[in-house]
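The file final-v9.cif comes next; it holds mmCIF, C-alpha atoms.
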data_my_file
loop_
_atom_site.group_PDB
_atom_site.id
_atom_site.type_symbol
_atom_site.label_atom_id
_atom_site.label_comp_id
_atom_site.auth_asym_id
_atom_site.auth_seq_id
_atom_site.Cartn_x
_atom_site.Cartn_y
_atom_site.Cartn_z
ATOM 1 C CA MET Z 1071 5.328 -18.583 -12.705
ATOM 2 C CA PRO Z 1072 6.344 -20.545 -9.611
ATOM 3 C CA LYS Z 1073 4.586 -19.476 -6.447
ATOM 4 C CA GLY Z 1074 6.498 -17.849 -3.613
ATOM 5 C CA THR Z 1075 6.853 -19.456 -0.243
ATOM 6 C CA ASN Z 1076 4.648 -16.895 1.517
ATOM 7 C CA GLN Z 1077 1.511 -17.182 -0.620
ATOM 8 C CA LYS Z 1078 -0.719 -17.779 2.417
ATOM 9 C CA LEU Z 1079 0.312 -14.344 3.704
ATOM 10 C CA LYS Z 1080 -0.350 -12.563 0.434
ATOM 11 C CA LEU Z 1081 -3.355 -10.559 1.645
ATOM 12 C CA TYR Z 1082 -1.535 -9.562 4.823
ATOM 13 C CA TYR Z 1083 1.540 -8.344 2.964
ATOM 14 C CA LEU Z 1084 -0.549 -6.468 0.403
ATOM 15 C CA ALA Z 1085 -2.323 -4.616 3.193
ATOM 16 C CA LYS Z 1086 1.016 -3.908 4.895
ATOM 17 C CA ILE Z 1087 2.523 -2.488 1.704
ATOM 18 C CA LEU Z 1088 -0.446 -0.241 1.030
ATOM 19 C CA LYS Z 1089 -0.615 1.020 4.637
ATOM 20 C CA GLU Z 1090 3.109 1.752 4.872
ATOM 21 C CA GLN Z 1091 3.830 3.102 1.415
ATOM 22 C CA THR Z 1092 0.709 4.922 0.247
ATOM 23 C CA ASP Z 1093 -1.430 7.877 1.290
ATOM 24 C CA ASP Z 1094 -3.395 10.648 -0.416
ATOM 25 C CA GLU Z 1095 -0.205 12.012 -1.976
ATOM 26 C CA HIS Z 1096 1.581 8.745 -2.778
ATOM 27 C CA GLY Z 1097 0.372 5.606 -4.523
ATOM 28 C CA LEU Z 1098 1.624 2.401 -6.130
ATOM 29 C CA THR Z 1099 0.884 1.082 -9.585
ATOM 30 C CA MET Z 1100 -0.031 -2.525 -10.228
ATOM 31 C CA PRO Z 1101 3.508 -3.407 -11.450
ATOM 32 C CA GLU Z 1102 4.914 -1.746 -8.310
ATOM 33 C CA LEU Z 1103 2.555 -3.728 -6.075
ATOM 34 C CA ILE Z 1104 3.643 -6.963 -7.761
ATOM 35 C CA GLU Z 1105 7.291 -5.989 -7.297
ATOM 36 C CA GLU Z 1106 6.772 -5.128 -3.631
ATOM 37 C CA LEU Z 1107 5.030 -8.460 -2.991
ATOM 38 C CA GLU Z 1108 7.960 -10.311 -4.572
ATOM 39 C CA MET Z 1109 10.211 -8.775 -1.909
ATOM 40 C CA TYR Z 1110 8.157 -10.753 0.625
ATOM 41 C CA ASP Z 1111 8.512 -13.882 -1.544
ATOM 42 C CA VAL Z 1112 4.905 -13.626 -2.715
ATOM 43 C CA THR Z 1113 4.035 -14.000 -6.399
ATOM 44 C CA ALA Z 1114 0.881 -12.442 -7.843
ATOM 45 C CA ASP Z 1115 -0.787 -11.472 -11.073
ATOM 46 C CA ARG Z 1116 -2.985 -8.458 -11.760
ATOM 47 C CA LYS Z 1117 -6.284 -10.308 -11.504
ATOM 48 C CA SER Z 1118 -5.494 -11.791 -8.099
ATOM 49 C CA ILE Z 1119 -4.431 -8.375 -6.758
ATOM 50 C CA TYR Z 1120 -7.657 -6.798 -8.026
ATOM 51 C CA ASN Z 1121 -9.537 -9.484 -6.080
ATOM 52 C CA ASP Z 1122 -7.361 -8.931 -3.002
ATOM 53 C CA ILE Z 1123 -7.926 -5.168 -3.045
ATOM 54 C CA GLU Z 1124 -11.658 -5.782 -3.274
ATOM 55 C CA ALA Z 1125 -11.423 -8.184 -0.325
ATOM 56 C CA LEU Z 1126 -9.493 -5.633 1.725
ATOM 57 C CA ASN Z 1127 -12.153 -3.016 1.030
ATOM 58 C CA ASP Z 1128 -14.824 -5.514 2.096
ATOM 59 C CA ILE Z 1129 -13.178 -5.922 5.513
ATOM 60 C CA GLY Z 1130 -12.867 -2.198 6.190
ATOM 61 C CA TYR Z 1131 -9.846 -0.874 4.306
ATOM 62 C CA ASP Z 1132 -10.397 2.172 2.092
ATOM 63 C CA ILE Z 1133 -8.203 1.515 -0.927
ATOM 64 C CA VAL Z 1134 -8.757 3.670 -3.997
ATOM 65 C CA GLY Z 1135 -7.416 3.232 -7.519
ATOM 66 C CA GLU Z 1136 -7.071 6.353 -9.661
ATOM 67 C CA LYS Z 1137 -6.002 6.662 -13.297
ATOM 68 C CA SER Z 1138 -2.560 8.251 -13.738
ATOM 69 C CA GLY Z 1139 -1.084 8.028 -17.219
ATOM 70 C CA LYS Z 1140 -1.376 4.498 -18.534
ATOM 71 C CA TYR Z 1141 -1.615 2.941 -15.057
ATOM 72 C CA TYR Z 1142 -4.001 3.006 -12.142
ATOM 73 C CA VAL Z 1143 -2.354 4.149 -8.930
ATOM 74 C CA TYR Z 1144 -3.607 2.598 -5.684
ATOM 75 C CA HIS Z 1145 -3.483 4.155 -2.235
ATOM 76 C CA VAL Z 1146 -5.098 4.017 1.207
ATOM 77 C CA ALA Z 1147 -7.616 6.859 1.148
ATOM 78 C CA SER Z 1148 -8.550 6.983 4.829
ATOM 79 C CA ARG Z 1149 -7.059 5.684 8.055
ATOM 80 C CA GLN Z 1150 -8.055 5.187 11.654
ATOM 81 C CA PHE Z 1151 -6.246 8.442 12.512
ATOM 82 C CA GLU Z 1152 -5.765 11.457 10.277
ATOM 83 C CA LEU Z 1153 -2.273 12.955 10.104
ATOM 84 C CA ALA Z 1154 -3.435 16.071 11.967
ATOM 85 C CA GLU Z 1155 -4.764 13.863 14.774
ATOM 86 C CA LEU Z 1156 -1.464 11.982 15.028
ATOM 87 C CA LYS Z 1157 0.459 15.253 15.187
ATOM 88 C CA LEU Z 1158 -1.816 16.379 18.007
ATOM 89 C CA LEU Z 1159 -1.179 13.135 19.916
ATOM 90 C CA VAL Z 1160 2.585 13.454 19.406
ATOM 91 C CA ASP Z 1161 2.546 17.014 20.738
ATOM 92 C CA ALA Z 1162 0.514 15.897 23.747
ATOM 93 C CA ILE Z 1163 2.891 13.045 24.572
ATOM 94 C CA GLN Z 1164 5.858 15.398 24.336
ATOM 95 C CA SER Z 1165 4.240 17.784 26.791
ATOM 96 C CA PHE Z 1166 3.481 15.103 29.400
ATOM 97 C CA LYS Z 1167 6.029 15.513 32.177
ATOM 98 C CA PHE Z 1168 4.763 12.389 33.919
ATOM 99 C CA ILE Z 1169 5.966 10.160 31.045
ATOM 100 C CA THR Z 1170 9.693 9.472 30.936
ATOM 101 C CA GLU Z 1171 11.760 10.483 27.916
ATOM 102 C CA LYS Z 1172 12.237 6.812 27.006
ATOM 103 C CA LYS Z 1173 8.502 6.058 27.163
ATOM 104 C CA SER Z 1174 7.658 9.247 25.272
ATOM 105 C CA ASN Z 1175 9.875 8.267 22.363
ATOM 106 C CA ALA Z 1176 8.539 4.698 22.403
ATOM 107 C CA LEU Z 1177 4.922 5.893 22.284
ATOM 108 C CA ILE Z 1178 5.631 8.320 19.445
ATOM 109 C CA LYS Z 1179 7.382 5.572 17.482
ATOM 110 C CA LYS Z 1180 4.251 3.428 17.841
ATOM 111 C CA LEU Z 1181 2.090 6.287 16.600
ATOM 112 C CA THR Z 1182 4.200 6.578 13.452
ATOM 113 C CA THR Z 1183 3.166 3.033 12.496
ATOM 114 C CA LEU Z 1184 -0.398 4.318 12.075
ATOM 115 C CA ALA Z 1185 0.722 6.523 9.183
ATOM 116 C CA SER Z 1186 2.405 5.941 5.835
ATOM 117 C CA LYS Z 1187 6.195 6.211 5.730
ATOM 118 C CA TYR Z 1188 5.820 9.656 4.154
ATOM 119 C CA GLU Z 1189 3.453 10.892 6.843
ATOM 120 C CA ALA Z 1190 5.609 9.237 9.533
ATOM 121 C CA SER Z 1191 8.532 11.422 8.476
ATOM 122 C CA GLN Z 1192 6.437 14.463 9.412
ATOM 123 C CA LEU Z 1193 5.858 12.973 12.847
ATOM 124 C CA GLU Z 1194 9.493 11.999 13.342
ATOM 125 C CA ARG Z 1195 10.557 15.633 13.058
ATOM 126 C CA GLN Z 1196 8.836 16.098 16.418
ATOM 127 C CA ILE Z 1197 10.211 12.995 18.123
ATOM 128 C CA SER Z 1198 13.046 14.518 20.156
ATOM 129 C CA VAL Z 1199 12.107 15.211 23.785
ATOM 130 C CA GLN Z 1200 15.659 15.770 25.041
ATOM 131 C CA GLY Z 1201 16.034 18.749 27.321
ATOM 132 C CA ARG Z 1202 12.448 18.740 28.585
ATOM 133 C CA VAL Z 1203 11.811 18.238 32.276
ATOM 134 C CA LYS Z 1204 10.401 14.701 32.373
ATOM 135 C CA THR Z 1205 9.703 12.341 35.227
ATOM 136 C CA MET Z 1206 12.255 9.672 36.047
ATOM 137 C CA ASN Z 1207 9.679 7.198 37.336
ATOM 138 C CA GLU Z 1208 9.553 4.505 34.654
ATOM 139 C CA SER Z 1209 6.817 2.592 36.485
ATOM 140 C CA ILE Z 1210 4.142 5.290 36.194
ATOM 141 C CA TYR Z 1211 2.353 3.317 33.447
ATOM 142 C CA TYR Z 1212 1.771 0.495 35.883
ATOM 143 C CA SER Z 1213 0.892 2.853 38.736
ATOM 144 C CA VAL Z 1214 -1.889 4.380 36.654
ATOM 145 C CA ASP Z 1215 -3.128 0.915 35.742
ATOM 146 C CA ASP Z 1216 -3.133 -0.199 39.399
ATOM 147 C CA ILE Z 1217 -5.094 2.889 40.431
ATOM 148 C CA HIS Z 1218 -7.684 2.361 37.689
ATOM 149 C CA ASN Z 1219 -8.049 -1.265 38.784
ATOM 150 C CA ALA Z 1220 -8.560 -0.242 42.413
ATOM 151 C CA ILE Z 1221 -11.217 2.286 41.414
ATOM 152 C CA SER Z 1222 -13.070 -0.248 39.262
ATOM 153 C CA GLN Z 1223 -12.900 -2.825 42.096
ATOM 154 C CA ASN Z 1224 -14.011 -0.247 44.710
ATOM 155 C CA LYS Z 1225 -10.907 -0.958 46.816
ATOM 156 C CA LYS Z 1226 -8.466 1.092 48.882
ATOM 157 C CA ILE Z 1227 -4.781 1.271 47.981
ATOM 158 C CA SER Z 1228 -1.555 1.585 49.915
ATOM 159 C CA PHE Z 1229 1.653 3.157 48.620
ATOM 160 C CA ARG Z 1230 4.850 4.917 49.513
ATOM 161 C CA TYR Z 1231 4.834 8.638 48.734
ATOM 162 C CA MET Z 1232 8.198 10.011 47.672
ATOM 163 C CA THR Z 1233 9.756 13.477 47.863
ATOM 164 C CA TRP Z 1234 13.073 15.014 46.775
ATOM 165 C CA ASP Z 1235 15.801 15.567 49.349
ATOM 166 C CA THR Z 1236 18.716 17.995 49.160
ATOM 167 C CA ASN Z 1237 20.878 15.296 47.557
ATOM 168 C CA LYS Z 1238 18.431 15.182 44.626
ATOM 169 C CA LYS Z 1239 17.244 11.715 45.605
ATOM 170 C CA LEU Z 1240 13.674 10.520 45.966
ATOM 171 C CA VAL Z 1241 13.031 9.403 49.535
ATOM 172 C CA PRO Z 1242 9.841 8.369 51.374
ATOM 173 C CA LYS Z 1243 7.945 11.363 52.746
ATOM 174 C CA LYS Z 1244 7.195 9.277 55.830
ATOM 175 C CA GLU Z 1245 8.086 5.775 56.942
ATOM 176 C CA GLU Z 1246 4.589 4.296 57.149
ATOM 177 C CA LEU Z 1247 2.564 3.502 54.045
ATOM 178 C CA TYR Z 1248 -0.185 5.827 52.879
ATOM 179 C CA VAL Z 1249 -3.612 4.164 52.799
ATOM 180 C CA VAL Z 1250 -6.354 5.983 50.871
ATOM 181 C CA SER Z 1251 -9.557 5.440 48.912
ATOM 182 C CA PRO Z 1252 -8.879 6.364 45.260
ATOM 183 C CA TRP Z 1253 -11.677 8.190 43.449
ATOM 184 C CA ARG Z 1254 -10.341 9.922 40.382
ATOM 185 C CA LEU Z 1255 -7.201 10.437 38.306
ATOM 186 C CA THR Z 1256 -6.889 13.961 37.003
ATOM 187 C CA TRP Z 1257 -4.489 16.097 35.024
ATOM 188 C CA ASN Z 1258 -2.992 19.391 36.153
ATOM 189 C CA ASP Z 1259 0.124 21.380 35.256
ATOM 190 C CA GLU Z 1260 1.384 18.561 32.979
ATOM 191 C CA ASN Z 1261 1.221 16.009 35.801
ATOM 192 C CA TYR Z 1262 -1.098 13.151 36.773
ATOM 193 C CA TYR Z 1263 -2.743 13.411 40.181
ATOM 194 C CA LEU Z 1264 -4.797 10.969 42.218
ATOM 195 C CA ILE Z 1265 -7.767 12.446 44.071
ATOM 196 C CA ALA Z 1266 -8.413 10.201 47.078
ATOM 197 C CA PHE Z 1267 -10.128 10.146 50.456
ATOM 198 C CA ASP Z 1268 -7.960 9.989 53.585
ATOM 199 C CA SER Z 1269 -10.042 8.198 56.240
ATOM 200 C CA LYS Z 1270 -7.757 9.263 59.111
ATOM 201 C CA GLU Z 1271 -8.155 12.965 58.357
ATOM 202 C CA GLY Z 1272 -11.675 12.630 56.963
ATOM 203 C CA LYS Z 1273 -11.109 14.645 53.796
ATOM 204 C CA MET Z 1274 -10.142 14.459 50.131
ATOM 205 C CA LYS Z 1275 -6.457 14.775 49.219
ATOM 206 C CA HIS Z 1276 -4.398 14.628 46.044
ATOM 207 C CA TYR Z 1277 -1.102 12.914 45.216
ATOM 208 C CA ARG Z 1278 1.344 13.145 42.308
ATOM 209 C CA VAL Z 1279 1.171 9.736 40.647
ATOM 210 C CA ASP Z 1280 4.806 9.779 39.512
ATOM 211 C CA LYS Z 1281 5.804 10.081 43.192
ATOM 212 C CA MET Z 1282 3.755 7.071 44.268
ATOM 213 C CA GLU Z 1283 5.677 3.791 44.623
ATOM 214 C CA LYS Z 1284 4.847 0.210 45.568
ATOM 215 C CA ILE Z 1285 1.110 0.628 45.002
ATOM 216 C CA ALA Z 1286 -0.940 -2.275 46.366
ATOM 217 C CA ILE Z 1287 -4.670 -2.884 46.049
ATOM 218 C CA LEU Z 1288 -6.141 -3.743 49.457
ATOM 219 C CA ASP Z 1289 -9.142 -5.889 50.381
ATOM 220 C CA GLU Z 1290 -10.815 -2.963 52.143
ATOM 221 C CA LYS Z 1291 -13.653 -1.187 50.354
ATOM 222 C CA ARG Z 1292 -13.299 2.488 49.488
ATOM 223 C CA GLU Z 1293 -14.626 5.184 51.780
ATOM 224 C CA GLY Z 1294 -15.463 8.856 51.364
ATOM 225 C CA LYS Z 1295 -18.028 8.755 48.578
ATOM 226 C CA GLU Z 1296 -20.010 11.484 50.313
ATOM 227 C CA HIS Z 1297 -16.910 13.722 50.296
ATOM 228 C CA PHE Z 1298 -15.983 13.124 46.681
ATOM 229 C CA LYS Z 1299 -16.953 15.816 44.221
ATOM 230 C CA ALA Z 1300 -17.408 14.222 40.813
ATOM 231 C CA ASP Z 1301 -16.186 17.281 38.901
ATOM 232 C CA PRO Z 1302 -12.366 17.055 38.790
ATOM 233 C CA VAL Z 1303 -12.149 20.274 36.751
ATOM 234 C CA ALA Z 1304 -13.764 22.300 39.536
ATOM 235 C CA TYR Z 1305 -11.452 20.586 42.034
ATOM 236 C CA LYS Z 1306 -8.362 21.560 40.013
ATOM 237 C CA ASN Z 1307 -9.564 25.124 39.513
ATOM 238 C CA ARG Z 1308 -10.041 25.800 43.203
ATOM 239 C CA THR Z 1309 -6.857 24.091 44.423
ATOM 240 C CA PHE Z 1310 -4.466 26.193 42.297
ATOM 241 C CA GLY Z 1311 -1.754 23.853 41.068
ATOM 242 C CA MET Z 1312 -2.840 20.970 43.312
ATOM 243 C CA PHE Z 1313 -1.058 22.543 46.287
ATOM 244 C CA GLY Z 1314 -2.287 23.615 49.698
ATOM 245 C CA SER Z 1315 -5.560 23.060 51.473
ATOM 246 C CA GLU Z 1316 -8.432 21.084 49.973
ATOM 247 C CA ASP Z 1317 -10.952 22.972 52.169
ATOM 248 C CA SER Z 1318 -12.890 25.319 49.904
ATOM 249 C CA THR Z 1319 -14.072 28.860 50.607
ATOM 250 C CA MET Z 1320 -16.349 31.163 48.619
ATOM 251 C CA VAL Z 1321 -14.339 34.276 47.827
ATOM 252 C CA THR Z 1322 -15.621 37.512 46.291
ATOM 253 C CA LEU Z 1323 -13.347 39.123 43.728
ATOM 254 C CA SER Z 1324 -13.545 42.583 42.215
ATOM 255 C CA VAL Z 1325 -12.111 42.479 38.706
ATOM 256 C CA LYS Z 1326 -11.311 45.071 36.048
ATOM 257 C CA ASP Z 1327 -13.668 44.504 33.124
ATOM 258 C CA GLU Z 1328 -10.823 43.861 30.682
ATOM 259 C CA MET Z 1329 -9.495 41.102 32.963
ATOM 260 C CA ILE Z 1330 -12.730 39.135 33.337
ATOM 261 C CA GLY Z 1331 -11.512 36.715 30.650
ATOM 262 C CA VAL Z 1332 -8.699 35.590 32.977
ATOM 263 C CA ILE Z 1333 -11.279 34.715 35.641
ATOM 264 C CA ILE Z 1334 -13.505 32.857 33.165
ATOM 265 C CA ASP Z 1335 -10.498 30.933 31.817
ATOM 266 C CA ARG Z 1336 -9.689 29.854 35.371
ATOM 267 C CA PHE Z 1337 -13.141 29.084 36.793
ATOM 268 C CA GLY Z 1338 -15.341 28.553 33.741
ATOM 269 C CA LYS Z 1339 -18.381 30.324 32.320
ATOM 270 C CA ASP Z 1340 -20.774 29.164 35.046
ATOM 271 C CA ILE Z 1341 -19.566 31.702 37.615
ATOM 272 C CA ALA Z 1342 -21.945 34.515 38.560
ATOM 273 C CA ILE Z 1343 -20.843 37.945 37.319
ATOM 274 C CA LYS Z 1344 -22.359 41.344 38.124
ATOM 275 C CA PRO Z 1345 -21.256 44.984 37.803
ATOM 276 C CA ALA Z 1346 -19.269 46.268 40.777
ATOM 277 C CA LYS Z 1347 -19.894 49.635 42.452
ATOM 278 C CA LYS Z 1348 -16.751 51.043 40.835
ATOM 279 C CA LYS Z 1349 -17.167 51.889 37.132
ATOM 280 C CA GLY Z 1350 -15.216 49.600 34.826
ATOM 281 C CA TRP Z 1351 -15.087 46.805 37.397
ATOM 282 C CA THR Z 1352 -17.001 43.520 37.740
ATOM 283 C CA GLU Z 1353 -17.727 41.412 40.824
ATOM 284 C CA THR Z 1354 -17.804 37.626 41.020
ATOM 285 C CA ARG Z 1355 -17.823 34.884 43.659
ATOM 286 C CA VAL Z 1356 -15.683 31.786 43.171
ATOM 287 C CA GLU Z 1357 -14.863 28.691 45.210
ATOM 288 C CA VAL Z 1358 -11.169 28.325 46.014
ATOM 289 C CA ALA Z 1359 -8.842 26.541 48.396
ATOM 290 C CA VAL Z 1360 -7.260 29.474 50.215
ATOM 291 C CA SER Z 1361 -3.523 28.834 50.073
ATOM 292 C CA ASP Z 1362 -0.199 30.480 49.271
ATOM 293 C CA GLN Z 1363 -0.706 29.388 45.659
ATOM 294 C CA PHE Z 1364 -4.056 31.180 45.472
ATOM 295 C CA PHE Z 1365 -2.549 34.343 46.948
ATOM 296 C CA GLY Z 1366 0.360 34.060 44.516
ATOM 297 C CA TRP Z 1367 -2.093 33.890 41.611
ATOM 298 C CA ILE Z 1368 -3.921 36.979 42.884
ATOM 299 C CA PHE Z 1369 -0.603 38.820 43.364
ATOM 300 C CA GLY Z 1370 0.379 38.010 39.788
ATOM 301 C CA LEU Z 1371 -2.723 39.812 38.522
ATOM 302 C CA GLY Z 1372 -1.537 43.023 40.187
ATOM 303 C CA ASP Z 1373 -4.067 45.815 40.665
ATOM 304 C CA SER Z 1374 -6.536 44.248 38.210
ATOM 305 C CA VAL Z 1375 -8.096 41.871 40.753
ATOM 306 C CA LYS Z 1376 -8.937 42.509 44.405
ATOM 307 C CA ILE Z 1377 -10.224 40.147 47.118
ATOM 308 C CA THR Z 1378 -13.165 41.871 48.796
ATOM 309 C CA ALA Z 1379 -14.735 39.102 50.907
ATOM 310 C CA PRO Z 1380 -14.786 37.316 53.234
ATOM 311 C CA ALA Z 1381 -12.978 39.599 55.655
ATOM 312 C CA SER Z 1382 -10.926 36.684 57.048
ATOM 313 C CA VAL Z 1383 -9.414 35.971 53.626
ATOM 314 C CA VAL Z 1384 -8.748 39.672 52.979
ATOM 315 C CA LYS Z 1385 -6.968 39.904 56.331
ATOM 316 C CA LYS Z 1386 -4.935 36.769 55.636
ATOM 317 C CA TYR Z 1387 -3.851 38.105 52.244
ATOM 318 C CA LYS Z 1388 -2.768 41.422 53.788
ATOM 319 C CA THR Z 1389 -0.767 39.514 56.405
ATOM 320 C CA GLU Z 1390 0.943 37.474 53.684
ATOM 321 C CA LEU Z 1391 1.846 40.662 51.808
ATOM 322 C CA ASP Z 1392 3.275 42.195 54.995
ATOM 323 C CA ASN Z 1393 5.268 39.038 55.689
ATOM 324 C CA MET Z 1394 6.721 39.042 52.195
ATOM 325 C CA SER Z 1395 7.610 42.692 52.523
ATOM 326 C CA ASP Z 1396 9.435 41.992 55.796
ATOM 327 C CA PHE Z 1397 11.163 38.985 54.217
ATOM 328 C CA TYR Z 1398 12.827 41.210 51.596
ATOM 329 C CA LYS Z 1399 13.972 43.917 54.016
#

Final structure tokens representation of the file:
Amino acid sequence: MPKGTNQKLKLYYLAKILKEQTDDEHGLTMPELIEELEMYDVTADRKSIYNDIEALNDIGYDIVGEKSGKYYVYHVASRQFELAELKLLVDAIQSFKFITEKKSNALIKKLTTLASKYEASQLERQISVQGRVKTMNESIYYSVDDIHNAISQNKKISFRYMTWDTNKKLVPKKEELYVVSPWRLTWNDENYYLIAFDSKEGKMKHYRVDKMEKIAILDEKREGKEHFKADPVAYKNRTFGMFGSEDSTMVTLSVKDEMIGVIIDRFGKDIAIKPAKKKGWTETRVEVAVSDQFFGWIFGLGDSVKITAPASVVKKYKTELDNMSDFYK
């Protein structure tokens, strides 16, 4: 039998065929493997394929041959990612508003190459992201990379921060560049945020990464380490949607017992909880950034949660309620 022109790539093509066309539910017999190799202009006999399969297993592949009728059927038994894991990643990518529709589809397509063609078809059913609210900033990949580089180099960054105008166009929020010390990228409400120190105002701030443009890494070293709180989860919990003030306040809440799960879901299990004076109610103290968003969250819980301290926050909440009442008169 004359040899094909791609004999040097025989092992590569055999691995490719097995990865793309086999899984736990689908396999290829030896005659089918030989036929598939011929499509790549590679000739092979049974003995050489046995040796090649053994070589592939030696370098980390998990190829199993199982008796089925008069033939052995060969398939890849385990992969770098299980199908359930790939489905989870696909769902996550679809939910990311900060990734454009084009990038979302491209990423999902790449993930399908990690599965067999049969498993990939189960992923492709989820590919469509049309109709979801997605960012239109195609450069966010590179923005994230620039920020990570600045953090690893301990450098400040400059950038233009954009906002929507009434013509539905992104325009600079102010003419001058923002200059901050980046400390952490975090995730909240399906968006990426940068937590950074503003030297001019002497406090930590956060910025939507998809609204940051023309990011440049500066020669200046970062500042604000003493202000940075290393726990981004606690930061997100107290800032309520990454809006409003970053200045935190300890607030006492009185909560109906059946609603304590809502508080734990928001602030975590480490919060202190004790019985309140009123039967069926619990009291807790949490750290929050007092803002309209915090008050809105409290309002949404109705008469199941009440702010009881400090008095200044209680008074401010009452004022906000009165203002809203007047607004709808």

(message) My list of candidates is Z:Ala1162, Z:Met1109, Z:Leu1153, Z:Leu1126. Which is closest to Asp1094 of chain Z when distances are computed with only C-alpha atoms?
(response) Z:Leu1153

As AutoDock Vina command-line options, what would the box around segment 1149-1161 of chain Z look like: edges along x, y and z, 4 Å added on every side, centre and edge lengths in Å to one decimal?
--center_x -2.7 --center_y 11.1 --center_z 14.4 --size_x 18.6 --size_y 19.8 --size_z 20.7

Could you tell me which residues the PyMOL selection byres ((chain Z and resi 1230) around 6) returns for this structure, as a short mmCIF file (atom, residue, chain, number, x, y, z; two decimals) with C-alpha atoms, in the coordinates of the input?
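Here's the written file expr.cif:
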data_model
loop_
_atom_site.label_atom_id
_atom_site.label_comp_id
_atom_site.auth_asym_id
_atom_site.auth_seq_id
_atom_site.Cartn_x
_atom_site.Cartn_y
_atom_site.Cartn_z
CA PHE Z 1229 1.65 3.16 48.62
CA TYR Z 1231 4.83 8.64 48.73
CA LEU Z 1247 2.56 3.50 54.04
CA MET Z 1282 3.76 7.07 44.27
CA GLU Z 1283 5.68 3.79 44.62
#

(request) For the file shown, report as an MDAnalysis selection string the outcome of the PyMOL selection byres ((chain Z and resi 1110-1113) around 10) at residue level. (result) chainID Z and resid 1071:1081 1083:1084 1104:1109 1114:1115 1118

(request) Tell me which of Z:Ile1123, Z:Ala1154, Z:Val1383, Z:Met1320 sits closest to Met1100 of chain Z, counting all atoms listed in the file. (result)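 Answer, going by the shortest atom-to-atom distance: Z:Ile1123.
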
(request) Tell me, as a PyMOL selection string, which residues lie within 7 Å of Tyr1263 of chain Z, counting only C-alpha atoms; anything in the same chain fewer than 2 positions away does not count. (result) chain Z and resi 1255-1257+1261+1265+1276-1279

(message) I need the residue nearest Gly1272 of chain Z from this list: Z:His1297, Z:Lys1226, Z:Arg1149, Z:Arg1254. Use only C-alpha atoms for the distance.
(response)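 Under the stated criterion, the closest residue is Z:His1297.
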
(message) I need the output of the PyMOL selection byres ((chain Z and resi 1225) around 10) for this file as a PyMOL selection string; which residues are they?
(response) chain Z and resi 1217+1219-1224+1226-1227+1250-1253+1287-1293

(request) Please provide as a ChimeraX atom specification all residues within 8 Å of Leu1323 of chain Z, with the sequence filter that same-chain residues fewer than 6 positions apart are discarded (counting all atoms listed in the file). (result) /Z:1353-1356,1375-1379

(message) as a ChimeraX atom specification, please: the residues near Ser1174 of chain Z (cut-off 10 Å, only C-alpha atoms, same-chain neighbours under 2 positions excluded).
(response) /Z:1160,1162-1172,1176-1179,1197-1199,1204
